[in-house]
Amino acid sequence: MDQRTNPFGYDLDAYGALTPSARVVAGMTEAELARSVFERVAAGSSTIKEARRLNDLEVFPGRRYSHKTITMRRKNWLPSRINAMVRNPLYKGTHIFDHSMGPIERKVAALVSPSLWQAAQDGIARNRSGTNRPRRDYLLKGLVFCDDCGCRFGGTTSGWGNSRVPFYRCAGALGVMEPDPAQRCVAKPIRAVALERLVWTDCEVARPETAGTTDFCTRRRTVEENVRRIGVHTEGQRPKTAIVTVDFYTSASSKYRFIGEDGERL
């Protein structure tokens with residue numbers, strides 16, 4: 001039995017083909033509501049705002065399947081789901097699905113015009129944080145995890161006087177992961193330069209031949225070969241204290257404590 005997920009805004013007709021949904025939600029059809037998301041993003045709204053709007057309208061976040069059962073993985077709409085929806089070319093009439101012989105493309109009923117779909121893509125691109133700022137390479141990217149909520153820490157910048165200072169921040173603290181501010185992770189952001197300096201010093205001890213190198217690619221490769229995981233546990237409120245544990249593939253580990261902006265070894 002075919003158990004494909006029905007994309008939001010669509011139902012299946014008697015022949016099993018996707019068709020705009022006439023199901024009434026929030027005073028309009030589901031197809032109209034889906035179209036409004038594209039219109040609003042194209043006009044300047046964000047995925048966070050649209051997820052919040054659907055939650056405020058009490059639009060059911062569950063997913064319907066072709067065999068008509070409904071599943072509910074999350075209690076609310078997330079910006080990540082809005083992002084995936086807006087980026088899906090299906091809504092402009094092009095359905096791409098995987099097949100053993102390779103991707104297959106077929107035409108379906110469009111909910112938005114190609115021009116509106118593209119305008120929504122441009123809107124997402126404009127809203128992407130830091131698009132007009134110089135990019136920084138984060139030495140520990142993908143290796144830092146929050147021991148409190150389980151999310152990764154990602155690189156970001158924050159205002160510091162008249163400059164932007166790089167930090168590692170828990171993704172669980174972002175509206176993209178949790179629209180409800182009360183439910184977001186409160187992990188302490190860690191200044192990138194301070195954490196990278198401590199970790200790199202340990203890596204130099206493990207790999208003396210890399211000592212003194214300033215080449216980012218060499219440093220990154222050395223870190224990946226030696227560091228298995230970096231965990232961050234946050235204690236207290238004001239000020240917050242972060243206890244950072246670095247696990248190495250050699251079974252050794254290091255611990256640092258961050259109270260202010262700089263860290264110290266434990």
# chains A, B, ... in the order shown; residues from 1 in each chain; ligands from 1
>>> select_by_dssp(residues="stretch 173-241 of chain A", states="helix (DSSP H, G or I)", output="count of residues only")
33
>>> select_by_dssp(residues="stretch 40-182 of chain A", states="strand (DSSP E or B)", output="JSON, numbers by chain")
{"A": [63, 64, 65, 70, 71, 94, 95, 96, 97, 104, 105, 106, 107, 144, 145, 146, 152, 153, 154, 155, 156, 157, 158, 159, 160, 163, 164, 165, 166, 167, 168, 169, 170]}
>>> write_last_selection(atoms="C-alpha atoms", output="tab-separated table (two decimals), in the first residue's frame")
chain	number	residue	atom	x	y	z
A	63	ARG	CA	1.08	14.76	8.79
A	64	ARG	CA	-1.53	12.93	6.71
A	65	TYR	CA	-0.61	9.88	4.68
A	70	ILE	CA	-2.36	10.89	10.74
A	71	THR	CA	0.84	11.10	12.73
A	94	THR	CA	7.06	19.91	-10.21
A	95	HIS	CA	7.04	16.74	-8.12
A	96	ILE	CA	10.40	14.97	-7.85
A	97	PHE	CA	10.54	11.58	-6.15
A	104	ILE	CA	11.68	10.96	-11.53
A	105	GLU	CA	9.97	14.26	-12.24
A	106	ARG	CA	6.26	14.62	-12.89
A	107	LYS	CA	3.81	17.46	-13.15
A	144	VAL	CA	30.55	20.75	19.94
A	145	PHE	CA	27.38	19.38	21.57
A	146	CYS	CA	25.13	20.59	24.36
A	152	ARG	CA	24.91	20.94	18.42
A	153	PHE	CA	26.66	24.24	19.03
A	154	GLY	CA	27.12	26.27	15.86
A	155	GLY	CA	29.26	29.24	15.01
A	156	THR	CA	27.72	32.70	15.13
A	157	THR	CA	28.71	36.29	15.85
A	158	SER	CA	27.47	38.72	18.47
A	159	GLY	CA	27.91	42.45	18.90
A	160	TRP	CA	30.83	43.45	21.10
A	163	SER	CA	32.73	44.79	16.28
A	164	ARG	CA	31.26	41.33	15.79
A	165	VAL	CA	32.76	38.63	18.00
A	166	PRO	CA	32.51	34.92	17.05
A	167	PHE	CA	30.86	32.52	19.50
A	168	TYR	CA	29.71	28.92	19.61
A	169	ARG	CA	25.99	28.88	20.47
A	170	CYS	CA	23.61	25.99	21.15
>>> closest_residue(among="A:Ala26, A:Met85, A:Leu90, A:Leu54", to="A:Pro114", atoms="only C-alpha atoms")
A:Leu90
>>> closest_residue(among="A:Tyr138, A:Phe60, A:Phe216, A:Phe38", to="A:Lys92", atoms="only C-alpha atoms")
A:Phe38
>>> closest_residue(among="A:Thr241, A:Trp77, A:Phe248, A:Arg191", to="A:Glu178", atoms="only C-alpha atoms")
A:Trp77
>>> residues_around(residues="A:Arg229", least_positions_apart="2", cutoff="12 Å", atoms="only C-alpha atoms", output="PyMOL selection string")
chain A and resi 140-147+152-153+199+223-227+231-232+244-254
>>> closest_residue(among="A:Glu196, A:Glu58, A:Glu261, A:Asp122", to="A:Ala42", atoms="only C-alpha atoms")
A:Asp122
>>> atom_distance(atom1="atom CA of A:Gly175", atom2="atom CA of A:Asn83")
12.8 Å
>>> closest_residue(among="A:Ile243, A:Val25, A:Ile124, A:Val112", to="A:Glu50", atoms="only C-alpha atoms")
A:Ile124
>>> residues_around(residues="A:Arg35", least_positions_apart="4", cutoff="7 Å", atoms="only C-alpha atoms", output="list in words")
Ala31, Glu39, Leu111 and Val112 of chain A
>>> residues_around(residues="A:Arg81", least_positions_apart="5", cutoff="12 Å", atoms="only C-alpha atoms", output="ChimeraX atom specification")
/A:7-8,37,47-48,50-52,54,61-63,73-74,76,86-88,176-179
